[in-house]
>>> print(open('protein-v9.tsv').read())   # TSV, C-alpha atoms
chain	number	residue	atom	x	y	z
A	1044	MET	CA	-89.78	-90.45	-34.80
A	1045	SER	CA	-93.12	-90.38	-36.62
A	1046	PRO	CA	-93.71	-92.32	-39.86
A	1047	THR	CA	-94.06	-89.03	-41.73
A	1048	THR	CA	-90.62	-87.87	-40.59
A	1049	GLU	CA	-89.09	-91.23	-41.46
A	1050	LYS	CA	-90.58	-91.02	-44.93
A	1051	ARG	CA	-89.20	-87.52	-45.46
A	1052	LEU	CA	-85.69	-88.57	-44.44
A	1053	LYS	CA	-85.63	-91.68	-46.58
A	1054	ILE	CA	-83.16	-91.45	-49.48
A	1055	THR	CA	-83.12	-94.27	-51.99
A	1056	LEU	CA	-80.12	-95.55	-53.92
A	1057	LEU	CA	-81.48	-93.92	-57.06
A	1058	ASP	CA	-81.68	-90.55	-55.28
A	1059	ALA	CA	-78.06	-90.86	-54.15
A	1060	ALA	CA	-76.96	-91.81	-57.68
A	1061	ILE	CA	-78.77	-88.82	-59.20
A	1062	LEU	CA	-77.27	-86.43	-56.63
A	1063	ALA	CA	-73.80	-87.85	-57.25
A	1064	ALA	CA	-74.23	-87.48	-61.02
A	1065	LEU	CA	-75.40	-83.88	-60.66
A	1066	ALA	CA	-72.52	-83.06	-58.32
A	1067	GLY	CA	-70.06	-84.64	-60.74
A	1068	ALA	CA	-71.51	-82.75	-63.70
A	1069	PHE	CA	-71.40	-79.46	-61.79
A	1070	GLY	CA	-67.82	-80.11	-60.70
A	1071	TYR	CA	-66.80	-80.93	-64.29
A	1072	ILE	CA	-68.37	-77.69	-65.57
A	1073	VAL	CA	-66.59	-75.66	-62.89
A	1074	PHE	CA	-63.29	-77.39	-63.66
A	1075	LYS	CA	-63.58	-76.77	-67.40
A	1076	ALA	CA	-64.61	-73.16	-66.82
A	1077	ALA	CA	-61.59	-72.62	-64.57
A	1078	THR	CA	-59.05	-74.33	-66.82
A	1079	GLY	CA	-60.46	-74.51	-70.33
A	1080	LEU	CA	-61.75	-71.00	-70.93
A	1081	ASN	CA	-59.44	-68.29	-72.18
A	1082	TYR	CA	-60.44	-66.12	-69.26
A	1083	HIS	CA	-58.49	-64.98	-66.24
A	1084	TRP	CA	-60.70	-65.19	-63.16
A	1085	ASN	CA	-60.35	-62.47	-60.54
A	1086	TRP	CA	-62.70	-62.95	-57.62
A	1087	SER	CA	-60.76	-60.57	-55.38
A	1088	ILE	CA	-62.42	-57.49	-56.90
A	1089	LEU	CA	-65.93	-58.52	-55.83
A	1090	PRO	CA	-65.90	-57.58	-52.10
A	1091	GLN	CA	-65.49	-53.87	-52.90
A	1092	PHE	CA	-68.75	-53.98	-54.86
A	1093	LEU	CA	-70.57	-55.26	-51.78
A	1094	VAL	CA	-69.00	-53.07	-49.11
A	1095	ARG	CA	-66.29	-50.43	-49.33
A	1096	PHE	CA	-64.38	-48.13	-47.02
A	1097	ASP	CA	-65.29	-44.47	-47.51
A	1098	GLN	CA	-62.20	-42.32	-47.12
A	1099	LYS	CA	-64.19	-39.11	-46.58
A	1100	SER	CA	-66.38	-40.36	-43.75
A	1101	GLY	CA	-63.81	-42.82	-42.42
A	1102	SER	CA	-66.39	-45.62	-42.21
A	1103	TRP	CA	-67.64	-48.58	-44.19
A	1104	ALA	CA	-70.34	-47.96	-46.79
A	1105	PRO	CA	-72.41	-50.17	-49.12
A	1106	GLY	CA	-70.88	-50.98	-52.49
A	1107	LEU	CA	-72.57	-50.46	-55.83
A	1108	LEU	CA	-74.12	-53.92	-55.97
A	1109	THR	CA	-75.42	-53.61	-52.41
A	1110	LEU	CA	-76.96	-50.23	-53.24
A	1111	GLY	CA	-78.53	-51.82	-56.31
A	1112	LEU	CA	-79.91	-54.62	-54.14
A	1113	PHE	CA	-81.48	-52.06	-51.80
A	1114	THR	CA	-83.13	-50.36	-54.77
A	1115	THR	CA	-84.39	-53.72	-56.04
A	1116	ILE	CA	-85.92	-54.50	-52.63
A	1117	ARG	CA	-87.57	-51.08	-52.37
A	1118	LEU	CA	-88.88	-51.31	-55.91
A	1119	SER	CA	-90.19	-54.84	-55.42
A	1120	VAL	CA	-91.89	-54.15	-52.08
A	1121	TRP	CA	-93.66	-50.92	-53.08
A	1122	SER	CA	-94.63	-52.11	-56.55
A	1123	GLY	CA	-95.81	-55.40	-55.01
A	1124	ILE	CA	-98.06	-53.57	-52.54
A	1125	LEU	CA	-99.48	-51.36	-55.28
A	1126	ALA	CA	-99.87	-54.30	-57.68
A	1127	ILE	CA	-101.76	-56.34	-55.07
A	1128	ALA	CA	-104.14	-53.45	-54.36
A	1129	LEU	CA	-104.80	-52.84	-58.05
A	1130	GLY	CA	-104.87	-56.56	-58.84
A	1131	VAL	CA	-107.50	-57.25	-56.19
A	1132	PHE	CA	-109.57	-54.35	-57.53
A	1133	ILE	CA	-109.37	-55.62	-61.13
A	1134	GLY	CA	-109.89	-59.21	-59.96
A	1135	LEU	CA	-113.16	-58.21	-58.28
A	1136	PHE	CA	-114.16	-56.52	-61.52
A	1137	ARG	CA	-113.52	-59.84	-63.30
A	1138	VAL	CA	-116.07	-61.68	-61.12
A	1139	SER	CA	-118.56	-58.82	-60.84
A	1140	PRO	CA	-122.18	-59.44	-61.90
A	1141	SER	CA	-121.92	-56.19	-63.88
A	1142	LEU	CA	-121.10	-56.83	-67.55
A	1143	PHE	CA	-119.39	-53.43	-67.88
A	1144	LYS	CA	-117.02	-54.13	-64.97
A	1145	ARG	CA	-116.20	-57.60	-66.30
A	1146	GLN	CA	-115.38	-56.10	-69.71
A	1147	VAL	CA	-113.17	-53.40	-68.17
A	1148	GLY	CA	-111.26	-56.03	-66.17
A	1149	GLY	CA	-111.00	-58.34	-69.17
A	1150	VAL	CA	-109.66	-55.59	-71.44
A	1151	TYR	CA	-107.02	-54.55	-68.90
A	1152	VAL	CA	-105.84	-58.11	-68.27
A	1153	GLY	CA	-105.89	-59.02	-71.97
A	1154	LEU	CA	-104.00	-55.90	-73.00
A	1155	ILE	CA	-101.24	-56.31	-70.41
A	1156	ARG	CA	-100.80	-60.08	-70.78
A	1157	ASN	CA	-100.66	-60.02	-74.59
A	1158	THR	CA	-98.17	-57.17	-74.97
A	1159	PRO	CA	-94.38	-57.60	-74.64
A	1160	PRO	CA	-93.32	-56.32	-71.22
A	1161	LEU	CA	-90.43	-54.30	-72.65
A	1162	VAL	CA	-92.86	-52.34	-74.84
A	1163	LEU	CA	-95.13	-51.72	-71.86
A	1164	ILE	CA	-92.18	-50.53	-69.81
A	1165	PHE	CA	-91.26	-47.91	-72.38
A	1166	VAL	CA	-94.85	-46.79	-73.02
A	1167	PHE	CA	-95.83	-46.56	-69.36
A	1168	TYR	CA	-92.55	-45.09	-68.21
A	1169	PHE	CA	-92.32	-42.27	-70.71
A	1170	PHE	CA	-96.02	-41.47	-70.41
A	1171	ILE	CA	-95.98	-41.54	-66.61
A	1172	GLY	CA	-92.55	-39.94	-66.27
A	1173	ASP	CA	-92.91	-37.21	-68.90
A	1174	GLN	CA	-96.59	-36.38	-68.55
A	1175	ILE	CA	-98.07	-37.46	-65.22
A	1176	MET	CA	-95.07	-36.60	-63.04
A	1177	SER	CA	-94.71	-33.19	-64.68
A	1178	LEU	CA	-98.43	-32.53	-64.33
A	1179	LEU	CA	-98.41	-33.41	-60.63
A	1180	GLY	CA	-95.25	-31.41	-60.00
A	1181	VAL	CA	-93.54	-34.23	-58.08
A	1182	GLU	CA	-90.07	-32.71	-58.42
A	1183	HIS	CA	-91.20	-29.38	-56.95
A	1184	VAL	CA	-92.83	-31.18	-54.02
A	1185	ILE	CA	-89.64	-33.15	-53.30
A	1186	TYR	CA	-87.40	-30.09	-53.48
A	1187	GLY	CA	-89.75	-28.23	-51.13
A	1188	LEU	CA	-89.33	-30.78	-48.34
A	1189	SER	CA	-87.01	-30.19	-45.40
A	1190	ASP	CA	-83.71	-32.06	-45.17
A	1191	GLY	CA	-84.97	-34.18	-42.28
A	1192	VAL	CA	-88.07	-35.32	-44.15
A	1193	ARG	CA	-86.05	-36.09	-47.26
A	1194	GLU	CA	-83.61	-38.14	-45.20
A	1195	VAL	CA	-86.43	-40.20	-43.67
A	1196	LEU	CA	-88.09	-40.72	-47.05
A	1197	GLY	CA	-84.71	-41.74	-48.45
A	1198	TRP	CA	-84.73	-44.84	-46.25
A	1199	PHE	CA	-87.97	-45.99	-47.87
A	1200	PHE	CA	-87.61	-44.74	-51.45
A	1201	GLY	CA	-83.91	-44.20	-51.99
A	1202	PRO	CA	-82.20	-40.90	-52.88
A	1203	MET	CA	-84.80	-38.16	-53.23
A	1204	ASN	CA	-83.08	-36.56	-56.21
A	1205	ARG	CA	-84.02	-39.68	-58.18
A	1206	PHE	CA	-87.46	-40.15	-56.64
A	1207	PRO	CA	-89.52	-39.11	-59.72
A	1208	ARG	CA	-87.78	-41.75	-61.85
A	1209	PHE	CA	-88.13	-44.32	-59.09
A	1210	LEU	CA	-91.84	-43.54	-58.69
A	1211	SER	CA	-92.39	-43.81	-62.44
A	1212	ALA	CA	-90.70	-47.22	-62.54
A	1213	LEU	CA	-92.65	-48.34	-59.46
A	1214	ILE	CA	-96.02	-47.46	-61.02
A	1215	THR	CA	-95.00	-48.98	-64.35
A	1216	LEU	CA	-94.00	-52.29	-62.77
A	1217	ALA	CA	-97.15	-52.34	-60.60
A	1218	LEU	CA	-99.44	-51.79	-63.60
A	1219	PHE	CA	-97.76	-54.69	-65.38
A	1220	GLU	CA	-97.86	-57.13	-62.46
A	1221	ALA	CA	-101.42	-56.20	-61.42
A	1222	ALA	CA	-102.82	-57.97	-64.49
A	1223	TYR	CA	-101.39	-61.31	-63.36
A	1224	ILE	CA	-102.48	-60.78	-59.76
A	1225	ALA	CA	-105.99	-59.98	-61.00
A	1226	GLU	CA	-106.19	-63.41	-62.65
A	1227	ILE	CA	-104.97	-65.07	-59.45
A	1228	VAL	CA	-107.69	-63.28	-57.49
A	1229	ARG	CA	-110.34	-64.20	-60.06
A	1230	ALA	CA	-109.32	-67.86	-60.04
A	1231	GLY	CA	-109.22	-67.92	-56.23
A	1232	ILE	CA	-112.73	-66.49	-55.92
A	1233	ASP	CA	-114.08	-68.79	-58.63
A	1234	SER	CA	-112.61	-71.80	-56.81
A	1235	VAL	CA	-114.93	-71.27	-53.83
A	1236	GLU	CA	-118.03	-73.44	-54.13
A	1237	PRO	CA	-121.14	-71.63	-55.49
A	1238	GLY	CA	-123.10	-72.95	-52.52
A	1239	GLN	CA	-121.17	-70.53	-50.30
A	1240	TRP	CA	-122.73	-67.59	-52.15
A	1241	GLU	CA	-126.20	-69.11	-51.94
A	1242	ALA	CA	-125.91	-69.93	-48.24
A	1243	SER	CA	-124.67	-66.42	-47.45
A	1244	ALA	CA	-127.50	-64.84	-49.45
A	1245	GLY	CA	-129.95	-67.04	-47.57
A	1246	THR	CA	-128.80	-65.53	-44.27
A	1247	GLY	CA	-129.47	-62.02	-45.56
A	1248	MET	CA	-125.87	-61.00	-46.23
A	1249	THR	CA	-125.16	-58.58	-49.05
A	1250	ARG	CA	-122.72	-59.41	-51.84
A	1251	PHE	CA	-120.04	-57.21	-50.29
A	1252	GLN	CA	-120.47	-58.88	-46.89
A	1253	THR	CA	-120.31	-62.30	-48.51
A	1254	LEU	CA	-117.07	-61.41	-50.29
A	1255	LEU	CA	-115.49	-59.89	-47.20
A	1256	TYR	CA	-116.48	-62.44	-44.56
A	1257	VAL	CA	-117.07	-65.70	-46.44
A	1258	ILE	CA	-115.47	-65.89	-49.89
A	1259	LEU	CA	-112.18	-63.98	-49.58
A	1260	PRO	CA	-111.00	-65.71	-46.35
A	1261	GLN	CA	-111.39	-69.07	-48.07
A	1262	ALA	CA	-109.94	-67.85	-51.37
A	1263	LEU	CA	-106.92	-66.24	-49.71
A	1264	GLN	CA	-105.45	-69.53	-48.53
A	1265	ARG	CA	-105.85	-70.97	-52.04
A	1266	MET	CA	-104.37	-67.87	-53.65
A	1267	LEU	CA	-101.39	-67.57	-51.32
A	1268	PRO	CA	-98.94	-69.87	-53.17
A	1269	ALA	CA	-99.72	-68.18	-56.49
A	1270	LEU	CA	-99.47	-64.71	-54.95
A	1271	ALA	CA	-96.14	-65.64	-53.38
A	1272	GLY	CA	-94.87	-66.86	-56.72
A	1273	GLN	CA	-96.02	-63.64	-58.35
A	1274	PHE	CA	-94.24	-61.54	-55.73
A	1275	ILE	CA	-91.04	-63.47	-56.43
A	1276	SER	CA	-91.66	-62.78	-60.12
A	1277	ILE	CA	-91.90	-59.07	-59.27
A	1278	ILE	CA	-88.41	-59.26	-57.76
A	1279	LYS	CA	-87.07	-60.87	-60.91
A	1280	ASP	CA	-89.12	-58.70	-63.28
A	1281	SER	CA	-87.75	-55.57	-61.58
A	1282	ALA	CA	-84.55	-56.19	-63.54
A	1283	ILE	CA	-86.33	-55.04	-66.69
A	1284	VAL	CA	-86.48	-51.43	-65.46
A	1285	SER	CA	-82.71	-51.32	-65.90
A	1286	VAL	CA	-83.44	-50.38	-69.53
A	1287	ILE	CA	-84.84	-47.05	-68.30
A	1288	SER	CA	-81.75	-46.37	-66.15
A	1289	ILE	CA	-83.20	-47.25	-62.75
A	1290	GLU	CA	-80.17	-48.00	-60.59
A	1291	GLU	CA	-81.30	-51.40	-59.32
A	1292	LEU	CA	-79.15	-54.52	-59.09
A	1293	THR	CA	-79.04	-55.43	-62.78
A	1294	PHE	CA	-78.29	-51.86	-63.86
A	1295	GLN	CA	-75.41	-51.59	-61.40
A	1296	ALA	CA	-74.04	-54.92	-62.64
A	1297	GLN	CA	-74.12	-53.66	-66.23
A	1298	GLN	CA	-72.27	-50.50	-65.23
A	1299	LEU	CA	-69.60	-52.48	-63.38
A	1300	MET	CA	-69.22	-54.93	-66.25
A	1301	THR	CA	-68.48	-52.14	-68.74
A	1302	THR	CA	-65.84	-50.60	-66.47
A	1303	THR	CA	-64.12	-53.72	-65.09
A	1304	TYR	CA	-64.66	-56.28	-67.89
A	1305	ARG	CA	-65.23	-58.90	-65.18
A	1306	SER	CA	-68.38	-60.31	-66.80
A	1307	PHE	CA	-68.46	-63.81	-65.31
A	1308	GLU	CA	-67.58	-62.83	-61.75
A	1309	ILE	CA	-70.06	-59.97	-61.58
A	1310	TRP	CA	-72.98	-61.84	-63.09
A	1311	ILE	CA	-72.37	-64.93	-60.97
A	1312	LEU	CA	-72.42	-62.72	-57.88
A	1313	VAL	CA	-75.61	-61.00	-59.06
A	1314	LEU	CA	-77.19	-64.39	-59.70
A	1315	ALA	CA	-76.33	-65.47	-56.15
A	1316	MET	CA	-77.80	-62.24	-54.73
A	1317	TYR	CA	-81.07	-62.65	-56.64
A	1318	PHE	CA	-81.27	-66.31	-55.59
A	1319	ALA	CA	-80.67	-65.49	-51.93
A	1320	LEU	CA	-83.39	-62.83	-52.00
A	1321	THR	CA	-86.02	-64.94	-53.75
A	1322	PHE	CA	-85.19	-68.08	-51.75
A	1323	LEU	CA	-85.62	-66.14	-48.50
A	1324	CYS	CA	-89.03	-64.97	-49.72
A	1325	SER	CA	-89.95	-68.57	-50.55
A	1326	LEU	CA	-89.08	-69.70	-47.02
A	1327	ILE	CA	-91.14	-66.90	-45.48
A	1328	VAL	CA	-94.16	-67.73	-47.61
A	1329	ARG	CA	-93.81	-71.42	-46.82
A	1330	LYS	CA	-93.84	-70.60	-43.11
A	1331	LEU	CA	-96.93	-68.44	-43.64
A	1332	GLU	CA	-98.68	-71.25	-45.49
A	1333	LEU	CA	-98.02	-73.69	-42.65
A	1334	THR	CA	-99.32	-71.14	-40.14
A	1335	LEU	CA	-102.54	-70.59	-42.09
A	1336	SER	CA	-103.07	-74.33	-42.60
A	1337	ARG	CA	-103.16	-74.84	-38.84
>>> encode(input="protein-v9.tsv", output="C-alpha cells")
Amino acid sequence: MSPTTEKRLKITLLDAAILAALAGAFGYIVFKAATGLNYHWNWSILPQFLVRFDQKSGSWAPGLLTLGLFTTIRLSVWSGILAIALGVFIGLFRVSPSLFKRQVGGVYVGLIRNTPPLVLIFVFYFFIGDQIMSLLGVEHVIYGLSDGVREVLGWFFGPMNRFPRFLSALITLALFEAAYIAEIVRAGIDSVEPGQWEASAGTGMTRFQTLLYVILPQALQRMLPALAGQFISIIKDSAIVSVISIEELTFQAQQLMTTTYRSFEIWILVLAMYFALTFLCSLIVRKLELTLSR
C-alpha cells in the first residue's frame, strides 16, 4: 500500500470521537422526532408515490414523485445546456477587447445577479410564455405534429400538451443561470497567464485561434469544478419554477402534501431524491476531473 493510500485511510481518535458525537446527535434527533412530536408517522404511503400499479394498463407505472423527478432532470439538463451556451457567449463578451461588448456582458450579469430570482422567474416566464410563445406559435406547431413524433419528443421534453410551459420555464431558468456561468468563464479565461496571449500572437495566431486552441483548453480544466457546482445549483434552483406550476419534483411534493397531510414523510423523501441526484452528479464530475488531470 502506498503512503498516500495509508494517509487517506488513517482515522485519528479525534475523528472517531467527532463521528460518534454526530451519530449520537442524529440518533437523538430521530428518537425525539419519533416519540416526542405530536405526529403520527406513516411511511407506508410513500412507495405508491414512487411507483404504482396502473389498473387500466395492467402494468407498473411511475408515481407522482418519480414523474416529478423526470421533469426535474429534463429541465435541469436542457436548461443547463442552454445556460452553458449562453454563459460562454456572455463570458467571452466580458473579456472582449471591445468596450461595447464588455458593457453588454457586464449589464446582463449585473442585472441578473442583483435581482431576486423569484422576481426574474415571474418576469421572464410571463413575458416569454405570454408573448414570445404566442408570437412563435409553439402550440400550433406541437399540435400539428404526428403522434409518433410527439411520442418521441415526449421522452426528451415530457408531455407535449405541456411543452409550451416547459419550454418557457427552461428558457427562464437558463437565462438566470447563464449570468453565473458567464462569470465562471470570465474568471477561467482571466486565470490563464497573459504570456499565453503574447506567445500565441507572436506565432501569427488570431485572437479567435488563440482562444480556441490555447486559452480555452487550459481554462476549461480550471473552470470544471465551478461549472459542475453550477450545474448542481441548476438542479436545486429548478425547484423555484414550481411557483409557475411546472410539474417538477417540488411541485408534485406540494400537491401530495396538500392532499395527504403527510408533510414530514413526503419532504424527507424529496430531500433524499434531490440528494441522490446531486450526489451522483458530483461523483461523475469528480471522475471527469481525475480523467482530465491525467
>>> closest_residue(input="protein-v9.tsv", among="A:Lys1075, A:Lys1330, A:Lys1053, A:Arg1117", to="A:Gly1197", atoms="only C-alpha atoms")
A:Arg1117
>>> residues_around(input="protein-v9.tsv", residues="A:Gly1148", least_positions_apart="5", cutoff="6 Å", atoms="all atoms listed in the file", output="PyMOL selection string")
chain A and resi 1133+1136-1137
>>> closest_residue(input="protein-v9.tsv", among="A:Glu1308, A:Glu1220, A:Glu1290, A:Asp1233", to="A:Gly1272", atoms="only C-alpha atoms")
A:Glu1220
>>> residues_near_point(input="protein-v9.tsv", point="(-93.3, -40.5, -67.7)", cutoff="12 Å", atoms="only C-alpha atoms", output="list of chain:residue names")
A:Ile1164, A:Phe1165, A:Val1166, A:Phe1167, A:Tyr1168, A:Phe1169, A:Phe1170, A:Ile1171, A:Gly1172, A:Asp1173, A:Gln1174, A:Ile1175, A:Met1176, A:Ser1177, A:Leu1178, A:Leu1179, A:Val1181, A:Pro1207, A:Arg1208, A:Phe1209, A:Leu1210, A:Ser1211, A:Ala1212, A:Leu1213, A:Ile1214, A:Thr1215, A:Ile1287
>>> write_last_selection(input="protein-v9.tsv", atoms="C-alpha atoms", output="short mmCIF file (atom, residue, chain, number, x, y, z; two decimals), in the frame of the given file")
data_model
loop_
_atom_site.label_atom_id
_atom_site.label_comp_id
_atom_site.auth_asym_id
_atom_site.auth_seq_id
_atom_site.Cartn_x
_atom_site.Cartn_y
_atom_site.Cartn_z
CA ILE A 1164 -92.18 -50.53 -69.81
CA PHE A 1165 -91.26 -47.91 -72.38
CA VAL A 1166 -94.85 -46.79 -73.02
CA PHE A 1167 -95.83 -46.56 -69.36
CA TYR A 1168 -92.55 -45.09 -68.21
CA PHE A 1169 -92.32 -42.27 -70.71
CA PHE A 1170 -96.02 -41.47 -70.41
CA ILE A 1171 -95.98 -41.54 -66.61
CA GLY A 1172 -92.55 -39.94 -66.27
CA ASP A 1173 -92.91 -37.21 -68.90
CA GLN A 1174 -96.59 -36.38 -68.55
CA ILE A 1175 -98.07 -37.46 -65.22
CA MET A 1176 -95.07 -36.60 -63.04
CA SER A 1177 -94.71 -33.19 -64.68
CA LEU A 1178 -98.43 -32.53 -64.33
CA LEU A 1179 -98.41 -33.41 -60.63
CA VAL A 1181 -93.54 -34.23 -58.08
CA PRO A 1207 -89.52 -39.11 -59.72
CA ARG A 1208 -87.78 -41.75 -61.85
CA PHE A 1209 -88.13 -44.32 -59.09
CA LEU A 1210 -91.84 -43.54 -58.69
CA SER A 1211 -92.39 -43.81 -62.44
CA ALA A 1212 -90.70 -47.22 -62.54
CA LEU A 1213 -92.65 -48.34 -59.46
CA ILE A 1214 -96.02 -47.46 -61.02
CA THR A 1215 -95.00 -48.98 -64.35
CA ILE A 1287 -84.84 -47.05 -68.30
#
>>> residues_around(input="protein-v9.tsv", residues="stretch 1108-1115 of chain A", least_positions_apart="2", cutoff="6 Å", atoms="only C-alpha atoms", output="list in words")
Phe1092, Leu1093, Pro1105, Gly1106, Arg1117, Leu1118, Ser1119, Glu1290, Glu1291, Leu1292 and Gln1295 of chain A
>>> write_last_selection(input="protein-v9.tsv", atoms="C-alpha atoms", output="PDB file, keeping the file's coordinate frame")
ATOM      1  CA  PHE A1092     -68.750 -53.980 -54.860  1.00  0.00           C
ATOM      2  CA  LEU A1093     -70.570 -55.260 -51.780  1.00  0.00           C
ATOM      3  CA  PRO A1105     -72.410 -50.170 -49.120  1.00  0.00           C
ATOM      4  CA  GLY A1106     -70.880 -50.980 -52.490  1.00  0.00           C
ATOM      5  CA  ARG A1117     -87.570 -51.080 -52.370  1.00  0.00           C
ATOM      6  CA  LEU A1118     -88.880 -51.310 -55.910  1.00  0.00           C
ATOM      7  CA  SER A1119     -90.190 -54.840 -55.420  1.00  0.00           C
ATOM      8  CA  GLU A1290     -80.170 -48.000 -60.590  1.00  0.00           C
ATOM      9  CA  GLU A1291     -81.300 -51.400 -59.320  1.00  0.00           C
ATOM     10  CA  LEU A1292     -79.150 -54.520 -59.090  1.00  0.00           C
ATOM     11  CA  GLN A1295     -75.410 -51.590 -61.400  1.00  0.00           C
TER      12      GLN A1295
END
>>> closest_residue(input="protein-v9.tsv", among="A:Val1284, A:Asn1204, A:Thr1246, A:Ala1269", to="A:Gly1187", atoms="all atoms listed in the file")
A:Asn1204
>>> atom_distance(input="protein-v9.tsv", atom1="atom CA of A:Asn1085", atom2="atom CA of A:Lys1279")
26.8 Å
>>> closest_residue(input="protein-v9.tsv", among="A:Gln1264, A:Ser1285, A:Ser1087, A:Ser1336", to="A:Ile1309", atoms="all atoms listed in the file")
A:Ser1087
>>> closest_residue(input="protein-v9.tsv", among="A:Ile1232, A:Val1162, A:Val1328, A:Ala1104", to="A:Leu1255", atoms="only C-alpha atoms")
A:Ile1232
>>> atom_distance(input="protein-v9.tsv", atom1="atom CA of A:Glu1226", atom2="atom CA of A:Gly1123")
15.2 Å
>>> closest_residue(input="protein-v9.tsv", among="A:Val1257, A:Leu1218, A:Ile1227, A:Ala1282", to="A:Ser1122", atoms="all atoms listed in the file")
A:Leu1218
>>> atom_distance(input="protein-v9.tsv", atom1="atom CA of A:Leu1216", atom2="atom CA of A:Val1120")
11.1 Å
>>> axis_aligned_box(input="protein-v9.tsv", around="stretch 1143-1147 of chain A", padding_each_side="6 Å", output="AutoDock Vina command-line options")
--center_x -116.3 --center_y -55.5 --center_z -67.3 --size_x 18.2 --size_y 16.2 --size_z 16.7
>>> residues_near_point(input="protein-v9.tsv", point="(-67.3, -73.0, -59.4)", cutoff="12 Å", atoms="all atoms listed in the file", output="MDAnalysis selection string")
chainID A and resid 1066 1068:1078 1084 1086 1307:1308 1311:1312
>>> write_last_selection(input="protein-v9.tsv", atoms="C-alpha atoms", output="mmCIF file, in the coordinates of the input")
data_model
loop_
_atom_site.group_PDB
_atom_site.id
_atom_site.type_symbol
_atom_site.label_atom_id
_atom_site.label_comp_id
_atom_site.auth_asym_id
_atom_site.auth_seq_id
_atom_site.Cartn_x
_atom_site.Cartn_y
_atom_site.Cartn_z
ATOM 1 C CA ALA A 1066 -72.520 -83.060 -58.320
ATOM 2 C CA ALA A 1068 -71.510 -82.750 -63.700
ATOM 3 C CA PHE A 1069 -71.400 -79.460 -61.790
ATOM 4 C CA GLY A 1070 -67.820 -80.110 -60.700
ATOM 5 C CA TYR A 1071 -66.800 -80.930 -64.290
ATOM 6 C CA ILE A 1072 -68.370 -77.690 -65.570
ATOM 7 C CA VAL A 1073 -66.590 -75.660 -62.890
ATOM 8 C CA PHE A 1074 -63.290 -77.390 -63.660
ATOM 9 C CA LYS A 1075 -63.580 -76.770 -67.400
ATOM 10 C CA ALA A 1076 -64.610 -73.160 -66.820
ATOM 11 C CA ALA A 1077 -61.590 -72.620 -64.570
ATOM 12 C CA THR A 1078 -59.050 -74.330 -66.820
ATOM 13 C CA TRP A 1084 -60.700 -65.190 -63.160
ATOM 14 C CA TRP A 1086 -62.700 -62.950 -57.620
ATOM 15 C CA PHE A 1307 -68.460 -63.810 -65.310
ATOM 16 C CA GLU A 1308 -67.580 -62.830 -61.750
ATOM 17 C CA ILE A 1311 -72.370 -64.930 -60.970
ATOM 18 C CA LEU A 1312 -72.420 -62.720 -57.880
#
